[in-house]
$ cat run.txt   # compact mmCIF, C-alpha atoms and all ligand atoms
# COMPACT_ATOMS: atom_id res chain seq x y z
CA MET A 1 -25.82 -22.81 8.91
CA PRO A 2 -23.06 -20.34 9.61
CA ASP A 3 -21.35 -20.84 12.96
CA THR A 4 -21.92 -17.60 14.81
CA ALA A 5 -20.24 -18.80 18.00
CA GLY A 6 -16.99 -17.25 16.79
CA ALA A 7 -18.53 -13.82 16.22
CA ILE A 8 -17.09 -11.12 18.43
CA GLU A 9 -18.20 -7.67 19.37
CA GLY A 10 -15.28 -5.78 17.82
CA ALA A 11 -15.69 -7.49 14.48
CA GLN A 12 -19.29 -6.37 14.00
CA GLY A 13 -19.46 -4.44 10.77
CA SER A 14 -16.11 -5.68 9.49
CA ALA A 15 -16.02 -7.78 6.34
CA ILE A 16 -12.58 -9.01 7.36
CA ARG A 17 -11.05 -8.75 10.81
CA ILE A 18 -7.47 -9.78 11.40
CA GLU A 19 -6.89 -10.12 15.11
CA GLY A 20 -3.45 -10.39 16.71
CA VAL A 21 -2.11 -12.41 13.80
CA GLU A 22 1.46 -13.67 13.96
CA GLN A 23 3.31 -15.89 11.54
CA ASP A 24 6.79 -17.25 12.06
CA PHE A 25 9.00 -18.92 9.51
CA GLY A 26 11.38 -20.84 11.76
CA ALA A 27 12.80 -18.21 14.10
CA PHE A 28 11.85 -15.38 11.72
CA PRO A 29 8.71 -13.43 12.64
CA ALA A 30 7.12 -12.54 9.28
CA LEU A 31 3.96 -11.07 10.88
CA ARG A 32 3.93 -9.55 14.35
CA ASN A 33 0.69 -8.85 16.20
CA VAL A 34 -1.23 -7.64 13.16
CA THR A 35 -4.74 -6.37 13.91
CA LEU A 36 -6.81 -4.83 11.15
CA ASP A 37 -10.49 -4.29 10.31
CA ILE A 38 -11.60 -4.06 6.71
CA LYS A 39 -15.10 -2.73 6.05
CA PRO A 40 -17.52 -4.25 3.56
CA GLY A 41 -16.86 -2.95 0.07
CA GLU A 42 -13.55 -1.33 0.95
CA LEU A 43 -10.62 -1.29 -1.43
CA VAL A 44 -7.55 -1.71 0.77
CA ALA A 45 -3.88 -1.72 -0.23
CA LEU A 46 -1.16 -3.54 1.71
CA LEU A 47 1.91 -1.41 1.05
CA GLY A 48 5.47 -1.97 2.20
CA PRO A 49 8.98 -2.72 1.09
CA SER A 50 10.13 -6.15 -0.02
CA GLY A 51 9.96 -8.67 2.82
CA SER A 52 7.63 -6.57 5.00
CA GLY A 53 5.01 -9.35 5.16
CA LYS A 54 2.44 -8.16 2.60
CA THR A 55 2.11 -11.46 0.74
CA THR A 56 2.17 -13.44 3.99
CA LEU A 57 -0.74 -11.37 5.32
CA LEU A 58 -2.71 -11.81 2.08
CA ARG A 59 -2.09 -15.56 2.20
CA VAL A 60 -3.35 -15.65 5.79
CA ILE A 61 -6.57 -13.93 4.66
CA ALA A 62 -6.88 -16.34 1.72
CA GLY A 63 -6.37 -19.36 3.96
CA LEU A 64 -3.19 -20.41 2.14
CA ASN A 65 -1.25 -19.87 5.38
CA THR A 66 -2.48 -20.73 8.87
CA PRO A 67 -1.24 -18.12 11.34
CA ASP A 68 0.74 -19.30 14.37
CA ARG A 69 -1.28 -17.02 16.62
CA GLY A 70 -4.35 -14.85 16.20
CA ARG A 71 -7.56 -15.17 14.21
CA VAL A 72 -9.11 -14.18 10.91
CA LEU A 73 -12.83 -13.39 10.91
CA PHE A 74 -15.11 -12.96 7.91
CA ASN A 75 -18.28 -11.03 8.69
CA GLY A 76 -17.69 -11.64 12.38
CA GLU A 77 -17.27 -15.41 12.05
CA ASP A 78 -14.02 -17.12 12.88
CA ALA A 79 -12.58 -18.33 9.57
CA THR A 80 -9.07 -19.11 10.85
CA ASN A 81 -9.49 -22.83 10.31
CA LEU A 82 -11.74 -22.70 7.24
CA ARG A 83 -10.21 -24.33 4.16
CA VAL A 84 -9.36 -22.14 1.20
CA GLN A 85 -12.20 -23.55 -0.89
CA ASP A 86 -14.71 -22.87 1.90
CA ARG A 87 -13.75 -19.22 2.36
CA ARG A 88 -15.17 -17.96 -0.90
CA VAL A 89 -12.20 -15.79 -1.65
CA GLY A 90 -11.19 -14.96 -5.19
CA PHE A 91 -7.51 -14.39 -5.72
CA VAL A 92 -5.26 -13.13 -8.41
CA PHE A 93 -1.72 -13.93 -7.38
CA GLN A 94 1.20 -13.20 -9.65
CA ASN A 95 2.49 -16.73 -9.23
CA TYR A 96 -0.90 -18.38 -9.69
CA ALA A 97 -0.67 -18.05 -13.45
CA LEU A 98 -3.41 -19.13 -15.81
CA PHE A 99 -3.53 -22.78 -16.80
CA LYS A 100 -1.52 -22.80 -20.02
CA HIS A 101 -3.18 -25.85 -21.51
CA MET A 102 -6.70 -24.44 -21.06
CA THR A 103 -8.52 -21.90 -23.20
CA VAL A 104 -9.58 -18.57 -21.74
CA ALA A 105 -13.13 -19.88 -21.30
CA ASP A 106 -11.93 -23.03 -19.52
CA ASN A 107 -9.68 -21.00 -17.26
CA ILE A 108 -12.59 -18.81 -16.21
CA ALA A 109 -14.90 -21.80 -15.73
CA TYR A 110 -12.35 -23.73 -13.66
CA GLY A 111 -13.47 -22.71 -10.18
CA LEU A 112 -17.07 -23.65 -10.96
CA ARG A 113 -16.23 -26.97 -12.65
CA VAL A 114 -14.19 -28.27 -9.71
CA ARG A 115 -17.04 -27.78 -7.26
CA PRO A 116 -18.57 -30.90 -5.74
CA ARG A 117 -21.34 -32.24 -7.96
CA ARG A 118 -24.11 -31.01 -5.63
CA GLU A 119 -22.94 -27.41 -5.78
CA ARG A 120 -21.78 -27.36 -9.37
CA PRO A 121 -23.87 -25.26 -11.76
CA SER A 122 -25.10 -26.93 -14.96
CA ARG A 123 -22.93 -26.79 -18.09
CA ALA A 124 -25.26 -24.22 -19.62
CA ALA A 125 -25.15 -22.06 -16.47
CA ILE A 126 -21.34 -22.20 -16.44
CA ALA A 127 -21.21 -21.23 -20.12
CA ASP A 128 -23.51 -18.27 -19.42
CA ARG A 129 -21.40 -17.15 -16.48
CA VAL A 130 -18.21 -17.34 -18.57
CA LYS A 131 -19.84 -15.26 -21.31
CA GLU A 132 -21.02 -12.69 -18.80
CA LEU A 133 -17.55 -12.44 -17.22
CA LEU A 134 -15.81 -12.15 -20.57
CA ALA A 135 -18.01 -9.17 -21.34
CA PHE A 136 -17.39 -7.76 -17.86
CA VAL A 137 -13.61 -7.81 -18.29
CA GLN A 138 -13.98 -6.62 -21.89
CA LEU A 139 -12.52 -9.70 -23.54
CA GLU A 140 -15.46 -10.87 -25.64
CA GLY A 141 -14.44 -13.03 -28.55
CA LEU A 142 -11.21 -14.25 -26.94
CA ASP A 143 -12.79 -17.25 -25.22
CA ARG A 144 -11.05 -19.86 -27.38
CA ARG A 145 -7.59 -18.39 -27.15
CA TYR A 146 -4.85 -19.91 -25.00
CA PRO A 147 -2.95 -17.78 -22.46
CA VAL A 148 0.15 -17.61 -24.68
CA GLN A 149 -1.97 -15.90 -27.33
CA LEU A 150 -2.80 -13.00 -24.98
CA SER A 151 -0.95 -9.87 -23.88
CA GLY A 152 0.13 -9.55 -20.24
CA GLY A 153 -2.71 -7.15 -19.48
CA GLN A 154 -5.27 -9.45 -21.11
CA ARG A 155 -3.96 -12.37 -19.08
CA GLN A 156 -4.45 -10.48 -15.85
CA ARG A 157 -8.01 -9.64 -16.89
CA VAL A 158 -8.68 -13.34 -17.50
CA ALA A 159 -7.17 -14.09 -14.08
CA LEU A 160 -9.56 -11.57 -12.55
CA ALA A 161 -12.54 -13.07 -14.41
CA ARG A 162 -11.47 -16.49 -13.10
CA ALA A 163 -11.36 -15.12 -9.56
CA LEU A 164 -14.80 -13.51 -9.93
CA ALA A 165 -16.41 -16.65 -11.39
CA ILE A 166 -16.94 -18.24 -8.00
CA GLU A 167 -18.81 -15.15 -6.74
CA PRO A 168 -16.31 -14.53 -3.97
CA ARG A 169 -17.14 -12.50 -0.88
CA VAL A 170 -13.67 -10.98 -0.91
CA LEU A 171 -11.19 -10.41 -3.69
CA LEU A 172 -7.45 -10.67 -3.00
CA LEU A 173 -4.82 -9.47 -5.45
CA ASP A 174 -1.07 -9.87 -5.03
CA GLU A 175 0.90 -7.39 -7.15
CA PRO A 176 -1.65 -7.97 -9.91
CA PHE A 177 0.10 -5.66 -12.34
CA GLY A 178 3.64 -6.20 -11.15
CA ALA A 179 5.04 -7.71 -14.31
CA LEU A 180 3.44 -5.26 -16.75
CA ASP A 181 4.91 -2.16 -18.30
CA ALA A 182 4.12 1.24 -16.84
CA ARG A 183 1.50 2.23 -19.39
CA VAL A 184 -0.51 -0.99 -19.17
CA ARG A 185 -0.26 -0.82 -15.38
CA LYS A 186 -1.85 2.60 -15.39
CA ASP A 187 -4.69 1.49 -17.65
CA LEU A 188 -5.33 -1.59 -15.53
CA ARG A 189 -5.36 0.45 -12.32
CA ARG A 190 -8.16 2.60 -13.65
CA TRP A 191 -9.92 -0.47 -14.88
CA LEU A 192 -9.60 -2.23 -11.51
CA ARG A 193 -11.12 0.76 -9.80
CA ASP A 194 -14.09 0.64 -12.18
CA ILE A 195 -14.47 -3.09 -11.61
CA HIS A 196 -14.41 -2.49 -7.86
CA LYS A 197 -17.09 0.16 -8.17
CA LYS A 198 -19.30 -2.14 -10.22
CA THR A 199 -18.89 -5.25 -8.05
CA GLY A 200 -18.71 -3.48 -4.67
CA LEU A 201 -16.52 -6.40 -3.50
CA THR A 202 -14.33 -6.07 -0.44
CA THR A 203 -10.92 -6.05 -2.08
CA VAL A 204 -7.41 -6.28 -0.67
CA PHE A 205 -4.39 -5.87 -2.91
CA VAL A 206 -0.67 -6.03 -2.30
CA THR A 207 1.73 -3.58 -3.83
CA HIS A 208 5.16 -2.17 -3.13
CA ASP A 209 4.36 0.76 -5.42
CA GLN A 210 3.18 3.70 -3.33
CA ASP A 211 1.64 5.51 -6.32
CA GLU A 212 -0.45 2.47 -7.06
CA ALA A 213 -1.61 2.22 -3.44
CA MET A 214 -2.37 5.93 -3.16
CA GLU A 215 -4.20 6.15 -6.47
CA LEU A 216 -6.38 3.09 -6.03
CA ALA A 217 -7.10 2.42 -2.39
CA ASP A 218 -9.72 3.78 0.00
CA ARG A 219 -7.30 2.96 2.82
CA VAL A 220 -3.67 1.95 2.80
CA VAL A 221 -2.04 -0.37 5.34
CA VAL A 222 1.68 0.39 5.63
CA LEU A 223 3.69 -2.63 6.70
CA ASN A 224 7.28 -2.66 7.90
CA GLN A 225 9.11 -5.72 9.21
CA GLY A 226 5.92 -7.69 9.75
CA GLN A 227 4.16 -4.93 11.68
CA ILE A 228 1.56 -2.33 10.78
CA GLU A 229 3.10 1.15 10.89
CA GLN A 230 -0.07 3.01 9.99
CA VAL A 231 -3.49 2.49 8.45
CA GLY A 232 -5.14 5.44 6.78
CA ALA A 233 -6.70 7.06 3.75
CA PRO A 234 -4.08 8.26 1.25
CA GLU A 235 -4.40 11.88 2.39
CA GLU A 236 -3.87 10.89 6.03
CA LEU A 237 -0.64 9.12 5.15
CA TYR A 238 0.57 12.17 3.26
CA ASP A 239 -0.54 14.75 5.81
CA LYS A 240 -0.28 12.92 9.12
CA PRO A 241 2.36 10.22 8.77
CA ALA A 242 2.65 8.40 12.08
CA SER A 243 6.32 7.55 11.88
CA PRO A 244 9.59 8.41 10.16
CA PHE A 245 9.19 5.18 8.25
CA VAL A 246 5.81 6.21 6.82
CA ILE A 247 6.86 9.73 5.88
CA SER A 248 9.95 8.39 4.15
CA PHE A 249 8.26 5.46 2.41
CA VAL A 250 5.11 7.24 1.26
CA GLY A 251 6.36 10.05 -0.93
CA GLU A 252 9.73 11.78 -0.87
CA ALA A 253 10.95 13.20 2.42
CA VAL A 254 14.04 14.90 3.75
CA ALA A 255 15.21 14.52 7.35
CA LEU A 256 17.23 17.10 9.25
CA PRO A 257 18.79 16.47 12.65
CA VAL A 258 17.61 19.13 15.12
CA LYS A 259 17.59 19.79 18.84
CA VAL A 260 14.57 20.55 20.96
CA ALA A 261 15.31 23.12 23.64
CA ASN A 262 12.45 24.29 25.83
CA GLY A 263 9.86 24.02 23.10
CA ARG A 264 12.10 25.57 20.46
CA VAL A 265 13.51 23.61 17.54
CA VAL A 266 17.08 24.39 16.60
CA PHE A 267 18.97 23.38 13.47
CA GLY A 268 22.69 24.14 13.70
CA ASP A 269 22.74 27.40 15.61
CA ARG A 270 19.43 28.75 14.30
CA GLU A 271 15.92 28.33 15.52
CA ILE A 272 13.59 26.98 12.87
CA HIS A 273 9.85 27.54 12.90
CA VAL A 274 8.68 24.03 13.50
CA ASP A 275 6.31 23.06 16.31
CA ALA A 276 8.20 20.93 18.85
CA ASN A 277 4.98 19.03 19.40
CA GLY A 278 5.60 18.62 23.10
CA LEU A 279 8.85 16.68 22.64
CA ASP A 280 11.27 16.69 25.56
CA ASN A 281 14.58 18.51 25.29
CA GLY A 282 17.12 16.57 23.26
CA PRO A 283 17.93 15.43 19.74
CA ALA A 284 15.09 14.98 17.26
CA ARG A 285 14.54 14.78 13.51
CA VAL A 286 12.46 17.09 11.37
CA PHE A 287 10.92 15.56 8.25
CA PHE A 288 9.49 17.49 5.36
CA ARG A 289 8.64 17.04 1.71
CA PRO A 290 10.24 18.88 -1.20
CA ALA A 291 7.00 20.87 -1.66
CA ASP A 292 7.21 22.07 1.96
CA ILE A 293 10.42 24.05 1.54
CA ALA A 294 10.99 27.04 -0.70
CA ILE A 295 13.54 29.73 -1.35
CA ALA A 296 12.58 32.56 1.00
CA ALA A 297 11.37 35.49 -1.05
CA ASP A 298 12.23 38.29 1.39
CA GLY A 299 15.80 37.25 2.13
CA GLY A 300 14.69 35.77 5.51
CA GLY A 301 14.82 32.03 5.83
CA GLU A 302 15.87 29.73 8.62
CA ILE A 303 18.12 27.40 6.68
CA GLU A 304 20.81 28.36 4.20
CA GLY A 305 22.17 26.47 1.27
CA ARG A 306 23.94 26.60 -2.06
CA VAL A 307 22.54 25.62 -5.44
CA GLU A 308 24.54 22.62 -6.64
CA ASN A 309 22.50 21.56 -9.64
CA LEU A 310 19.53 22.66 -11.75
CA ARG A 311 17.31 20.41 -13.80
CA ARG A 312 14.26 21.10 -15.97
CA THR A 313 11.07 19.22 -15.04
CA PRO A 314 7.80 19.14 -17.00
CA SER A 315 6.43 22.00 -14.89
CA GLY A 316 9.47 24.09 -13.94
CA VAL A 317 12.93 23.73 -12.47
CA ARG A 318 14.19 21.42 -9.73
CA ALA A 319 17.22 22.74 -7.84
CA THR A 320 19.52 20.55 -5.78
CA ILE A 321 20.69 22.55 -2.76
CA SER A 322 23.37 21.56 -0.27
CA ILE A 323 22.68 22.73 3.26
CA ASP A 324 25.32 24.78 5.00
CA GLY A 325 27.25 22.92 7.67
CA TYR A 326 25.43 19.69 7.07
CA ASN A 327 26.07 16.90 4.65
CA GLN A 328 22.60 16.82 3.15
CA THR A 329 21.08 17.98 -0.11
CA LEU A 330 17.51 19.07 -0.73
CA GLU A 331 15.53 19.26 -3.92
CA ILE A 332 13.34 22.29 -4.42
CA ASP A 333 10.86 22.85 -7.23
CA SER A 334 10.20 26.30 -8.56
CA SER A 335 8.73 27.92 -11.63
CA ILE A 336 11.09 28.81 -14.47
CA GLU A 337 10.79 32.54 -13.62
CA ASP A 338 11.66 32.04 -9.92
CA ALA A 339 14.48 29.54 -10.47
CA ALA A 340 17.78 30.19 -8.68
CA THR A 341 21.09 30.23 -10.53
CA LEU A 342 23.83 27.64 -10.24
CA GLY A 343 26.20 28.28 -7.31
CA GLU A 344 23.90 30.90 -5.74
CA ARG A 345 23.54 31.00 -1.94
CA VAL A 346 19.88 30.86 -1.01
CA PRO A 347 17.85 31.31 2.20
CA LEU A 348 15.21 28.62 2.66
CA SER A 349 12.06 28.47 4.72
CA LEU A 350 9.85 25.59 5.73
CA SER A 351 6.09 25.80 5.42
CA ARG A 352 5.28 22.44 6.94
CA ALA A 353 7.18 19.69 8.74
CA ARG A 354 6.83 16.91 11.25
CA ILE A 355 9.10 16.24 14.14
CA PHE A 356 9.95 12.87 15.67
CA PRO A 357 12.32 11.87 18.44
CA SER A 358 15.72 10.82 17.09
CA ASP A 359 15.33 7.22 18.14
CA ALA A 360 11.83 6.83 16.70
CA ALA A 361 11.64 3.97 14.27
CA GLY A 362 8.05 2.75 14.38
CA ALA A 363 4.57 4.06 15.03
CA ALA A 364 4.29 2.82 18.60
CA ALA A 365 6.89 5.19 19.99
CA PHE A 366 5.08 8.35 18.96
CA SER A 367 1.52 7.50 18.16
CA ASP A 368 0.39 10.80 19.66
CA ALA A 369 2.84 12.95 17.75
CA GLY A 370 -0.21 14.96 16.63
CA GLU A 371 -0.21 17.65 13.99
CA GLY A 372 2.79 19.07 12.23
CA ILE A 373 3.18 22.78 11.85
N1 LIG A 401 7.41 -19.96 3.13
C1 LIG A 401 8.35 -19.20 3.69
N2 LIG A 401 9.37 -19.73 4.37
C2 LIG A 401 10.30 -18.97 4.97
N3 LIG A 401 10.31 -17.62 4.94
C3 LIG A 401 9.31 -17.03 4.27
C4 LIG A 401 8.29 -17.77 3.61
N4 LIG A 401 7.44 -16.90 3.04
C5 LIG A 401 7.91 -15.66 3.31
N5 LIG A 401 9.02 -15.73 4.05
C6 LIG A 401 9.80 -14.60 4.58
O1 LIG A 401 8.89 -13.75 5.29
C7 LIG A 401 9.16 -12.39 5.01
C8 LIG A 401 7.94 -11.72 4.46
O2 LIG A 401 7.68 -12.24 3.18
P1 LIG A 401 6.52 -11.71 2.25
O3 LIG A 401 6.54 -12.50 0.99
O4 LIG A 401 5.26 -11.70 3.03
O5 LIG A 401 6.99 -10.22 1.99
P2 LIG A 401 6.43 -9.15 0.96
O6 LIG A 401 6.24 -7.90 1.73
O7 LIG A 401 5.26 -9.69 0.23
O8 LIG A 401 7.67 -8.99 0.00
P3 LIG A 401 7.77 -8.81 -1.61
O9 LIG A 401 7.32 -7.42 -1.92
O10 LIG A 401 9.24 -9.01 -1.87
O11 LIG A 401 6.91 -9.89 -2.22
C9 LIG A 401 10.34 -12.37 4.07
O12 LIG A 401 11.52 -12.14 4.83
C10 LIG A 401 10.35 -13.75 3.46
O13 LIG A 401 11.68 -14.15 3.12

$ encode --input "run.txt" --output "structure tokens"
Amino acid sequence: MPDTAGAIEGAQGSAIRIEGVEQDFGAFPALRNVTLDIKPGELVALLGPSGSGKTTLLRVIAGLNTPDRGRVLFNGEDATNLRVQDRRVGFVFQNYALFKHMTVADNIAYGLRVRPRRERPSRAAIADRVKELLAFVQLEGLDRRYPVQLSGGQRQRVALARALAIEPRVLLLDEPFGALDARVRKDLRRWLRDIHKKTGLTTVFVTHDQDEAMELADRVVVLNQGQIEQVGAPEELYDKPASPFVISFVGEAVALPVKVANGRVVFGDREIHVDANGLDNGPARVFFRPADIAIAADGGGEIEGRVENLRRTPSGVRATISIDGYNQTLEIDSSIEDAATLGERVPLSLSRARIFPSDAAGAAAFSDAGEGI
């Protein structure tokens, strides 16, 4: 019988709820007050730079780490103290390699064979399940091979089949494609998305690659120094980044130091057309993406610069422009026809930007920063 005593209101409807989780390693806080709800069937990415706590959080969900504070709930039931083997989680961790001395079939069957006798399926049932999984991960015919006889991508597919064998209720993947070359990574991403669609399993994966997170995930959790900076669908992170950290980490961004003066935003001695977003008078920073700035067609423009470098890209020309009176360069993409010439002085105008107070480092300080311009 499941113990429903631990069920809580807020967790209703969540496949996984992480509630006020903290993990310290000695004096170092690796996770700080992390609260997160993951819906059934969601594909969620934990994204952040090295050391931000992604793996630690995944290990807490898996039951490989016990948090110092806070709780983990599965389907509303407190699972904080459940053992790994009782959580029914499947995981593919980069450092949980396949068993080298076992064939592909034995690797996949492992999780079923080590079950207590009462719960263990029959030999024939295990063999059927292995066959079914081999077909599912498109590796039929490779059942007798050993891991060394497989490519990196094939190995990761076996690892996934091994994780799925136990019929997990959640699937956890830690940098599953980290060690593979770019091409194979891309193929496996697409493949993982198909697998997710077919299984409908609640899936959480760790990556430090923002493209991977944005391409695969329904929602992305951005972690920085053990804290959640923002949780959102890929488009929300692009269009409404909650902090300077998010706008800089998720996609390219340029920051300009500005001043807010009575609702106006001033760069150098010129007003720029950016919404001050209710910020008080004082120093602030304006963030924008390369696509949000262009050479002003009519000679107007709020910012001026000089073309320092030109480079062909697959779709046009990327110009590097140094900004007058400020030690900062910008990159601007244009078509071949509209490209500037080297050394030319150009007026620039912004189509979209976000403003944050100068001292803003995390989401908490400006959670109601609202829309950009
Ligand atoms: N067992 C441990 N003992 C001590 N410190 C640890 C331990 N595990 C992790 N840490 C520290 O906690 C922090 C977060 O580590 P974690 O592995 O979760 O980061 P990450 O975001 O997954 O990084 P990466 O992308 O490099 O794998 C790091 O500073 C790391 O050094």

$ residues_near_ligand --input "run.txt" --ligand "ligand LIG 401 (chain A)" --cutoff "7 Å" --atoms "all atoms listed in the file" --output "ChimeraX atom specification"
/A:25,30,48-57,208,226

$ atom_distance --input "run.txt" --atom1 "CA of Ala213 (chain A)" --atom2 "CA of Val250 (chain A)"
9.6 Å

$ atom_distance --input "run.txt" --atom1 "CA of Arg157 (chain A)" --atom2 "CA of Leu171 (chain A)"
13.6 Å

$ atom_distance --input "run.txt" --atom1 "CA of Phe99 (chain A)" --atom2 "CA of Tyr146 (chain A)"
8.8 Å

$ residues_near_point --input "run.txt" --point "(-14.0, -20.1, -6.0)" --cutoff "8 Å" --atoms "only C-alpha atoms" --output "ChimeraX atom specification"
/A:85,88-90,111-112,163-168

$ closest_residue --input "run.txt" --among "A:Asn281, A:Gln210, A:Thr66, A:Ser122" --to "Leu31 (chain A)" --atoms "all atoms listed in the file"
A:Thr66

$ residues_around --input "run.txt" --residues "region 324-339 of chain A" --least-positions-apart "2" --cutoff "9 Å" --atoms "all atoms listed in the file" --output "list in words"
Val254, Ala255, Leu256, Gly268, Pro290, Ala291, Asp292, Ile293, Ala294, Ile295, Ile303, Glu304, Gly305, Arg306, Glu308, Leu310, Arg312, Thr313, Ser315, Gly316, Val317, Arg318, Ala319, Thr320, Ile321, Ser322 and Thr341 of chain A

$ closest_residue --input "run.txt" --among "A:Asn65, A:Asn262, A:Gln156, A:Gln138" --to "Ala97 (chain A)" --atoms "only C-alpha atoms"
A:Gln156

$ residues_near_point --input "run.txt" --point "(10.5, 10.0, 3.3)" --cutoff "12 Å" --atoms "all atoms listed in the file" --output "PDB file with C-alpha atoms, in the frame of the given file"
ATOM      1  CA  GLN A 210       3.180   3.700  -3.330  1.00  0.00           C
ATOM      2  CA  LEU A 237      -0.640   9.120   5.150  1.00  0.00           C
ATOM      3  CA  TYR A 238       0.570  12.170   3.260  1.00  0.00           C
ATOM      4  CA  PRO A 241       2.360  10.220   8.770  1.00  0.00           C
ATOM      5  CA  ALA A 242       2.650   8.400  12.080  1.00  0.00           C
ATOM      6  CA  SER A 243       6.320   7.550  11.880  1.00  0.00           C
ATOM      7  CA  PRO A 244       9.590   8.410  10.160  1.00  0.00           C
ATOM      8  CA  PHE A 245       9.190   5.180   8.250  1.00  0.00           C
ATOM      9  CA  VAL A 246       5.810   6.210   6.820  1.00  0.00           C
ATOM     10  CA  ILE A 247       6.860   9.730   5.880  1.00  0.00           C
ATOM     11  CA  SER A 248       9.950   8.390   4.150  1.00  0.00           C
ATOM     12  CA  PHE A 249       8.260   5.460   2.410  1.00  0.00           C
ATOM     13  CA  VAL A 250       5.110   7.240   1.260  1.00  0.00           C
ATOM     14  CA  GLY A 251       6.360  10.050  -0.930  1.00  0.00           C
ATOM     15  CA  GLU A 252       9.730  11.780  -0.870  1.00  0.00           C
ATOM     16  CA  ALA A 253      10.950  13.200   2.420  1.00  0.00           C
ATOM     17  CA  VAL A 254      14.040  14.900   3.750  1.00  0.00           C
ATOM     18  CA  ALA A 255      15.210  14.520   7.350  1.00  0.00           C
ATOM     19  CA  LEU A 256      17.230  17.100   9.250  1.00  0.00           C
ATOM     20  CA  ARG A 285      14.540  14.780  13.510  1.00  0.00           C
ATOM     21  CA  VAL A 286      12.460  17.090  11.370  1.00  0.00           C
ATOM     22  CA  PHE A 287      10.920  15.560   8.250  1.00  0.00           C
ATOM     23  CA  PHE A 288       9.490  17.490   5.360  1.00  0.00           C
ATOM     24  CA  ARG A 289       8.640  17.040   1.710  1.00  0.00           C
ATOM     25  CA  PRO A 290      10.240  18.880  -1.200  1.00  0.00           C
ATOM     26  CA  ALA A 353       7.180  19.690   8.740  1.00  0.00           C
ATOM     27  CA  ARG A 354       6.830  16.910  11.250  1.00  0.00           C
TER      28      ARG A 354
END

$ residues_around --input "run.txt" --residues "Ala79 (chain A)" --least-positions-apart "3" --cutoff "12 Å" --atoms "all atoms listed in the file" --output "PyMOL selection string"
chain A and resi 2-7+15-19+60-63+66-67+70-76+82-89

$ write_last_selection --input "run.txt" --atoms "C-alpha atoms" --output "compact mmCIF listing (two decimals), in the frame of the given file"
# COMPACT_ATOMS: atom_id res chain seq x y z
CA PRO A 2 -23.06 -20.34 9.61
CA ASP A 3 -21.35 -20.84 12.96
CA THR A 4 -21.92 -17.60 14.81
CA ALA A 5 -20.24 -18.80 18.00
CA GLY A 6 -16.99 -17.25 16.79
CA ALA A 7 -18.53 -13.82 16.22
CA ALA A 15 -16.02 -7.78 6.34
CA ILE A 16 -12.58 -9.01 7.36
CA ARG A 17 -11.05 -8.75 10.81
CA ILE A 18 -7.47 -9.78 11.40
CA GLU A 19 -6.89 -10.12 15.11
CA VAL A 60 -3.35 -15.65 5.79
CA ILE A 61 -6.57 -13.93 4.66
CA ALA A 62 -6.88 -16.34 1.72
CA GLY A 63 -6.37 -19.36 3.96
CA THR A 66 -2.48 -20.73 8.87
CA PRO A 67 -1.24 -18.12 11.34
CA GLY A 70 -4.35 -14.85 16.20
CA ARG A 71 -7.56 -15.17 14.21
CA VAL A 72 -9.11 -14.18 10.91
CA LEU A 73 -12.83 -13.39 10.91
CA PHE A 74 -15.11 -12.96 7.91
CA ASN A 75 -18.28 -11.03 8.69
CA GLY A 76 -17.69 -11.64 12.38
CA LEU A 82 -11.74 -22.70 7.24
CA ARG A 83 -10.21 -24.33 4.16
CA VAL A 84 -9.36 -22.14 1.20
CA GLN A 85 -12.20 -23.55 -0.89
CA ASP A 86 -14.71 -22.87 1.90
CA ARG A 87 -13.75 -19.22 2.36
CA ARG A 88 -15.17 -17.96 -0.90
CA VAL A 89 -12.20 -15.79 -1.65

$ residues_around --input "run.txt" --residues "region 125-132 of chain A" --least-positions-apart "4" --cutoff "9 Å" --atoms "only C-alpha atoms" --output "list in words"
Ala105, Asp106, Ile108, Ala109, Leu112, Arg113, Arg120, Pro121, Phe136, Val137, Glu140, Asp143, Ala161, Arg162 and Ala165 of chain A

$ closest_residue --input "run.txt" --among "A:Glu22, A:Glu77, A:Asp209, A:Glu42" --to "Ala233 (chain A)" --atoms "all atoms listed in the file"
A:Glu42

$ residues_around --input "run.txt" --residues "Glu271 (chain A)" --least-positions-apart "3" --cutoff "12 Å" --atoms "all atoms listed in the file" --output "MDAnalysis selection string"
chainID A and resid 258:268 274:276 301:303 349:350

$ residues_around --input "run.txt" --residues "region 201-206 of chain A" --least-positions-apart "5" --cutoff "7 Å" --atoms "all atoms listed in the file" --output "ChimeraX atom specification"
/A:40-47,54-55,169-175,196

$ closest_residue --input "run.txt" --among "A:Arg155, A:Arg145, A:Arg117, A:Arg345" --to "Leu98 (chain A)" --atoms "all atoms listed in the file"
A:Arg155

$ closest_residue --input "run.txt" --among "A:Leu279, A:Gly152, A:Met214, A:Glu235" --to "Val184 (chain A)" --atoms "only C-alpha atoms"
A:Gly152

$ axis_aligned_box --input "run.txt" --around "region 68-76 of chain A" --padding-each-side "4 Å" --output "lines of an AutoDock Vina configuration file"
center_x = -8.8
center_y = -15.2
center_z = 12.3
size_x = 27.0
size_y = 16.3
size_z = 16.7

$ closest_residue --input "run.txt" --among "A:Leu139, A:Val231, A:Leu58, A:Val92" --to "Arg219 (chain A)" --atoms "only C-alpha atoms"
A:Val231
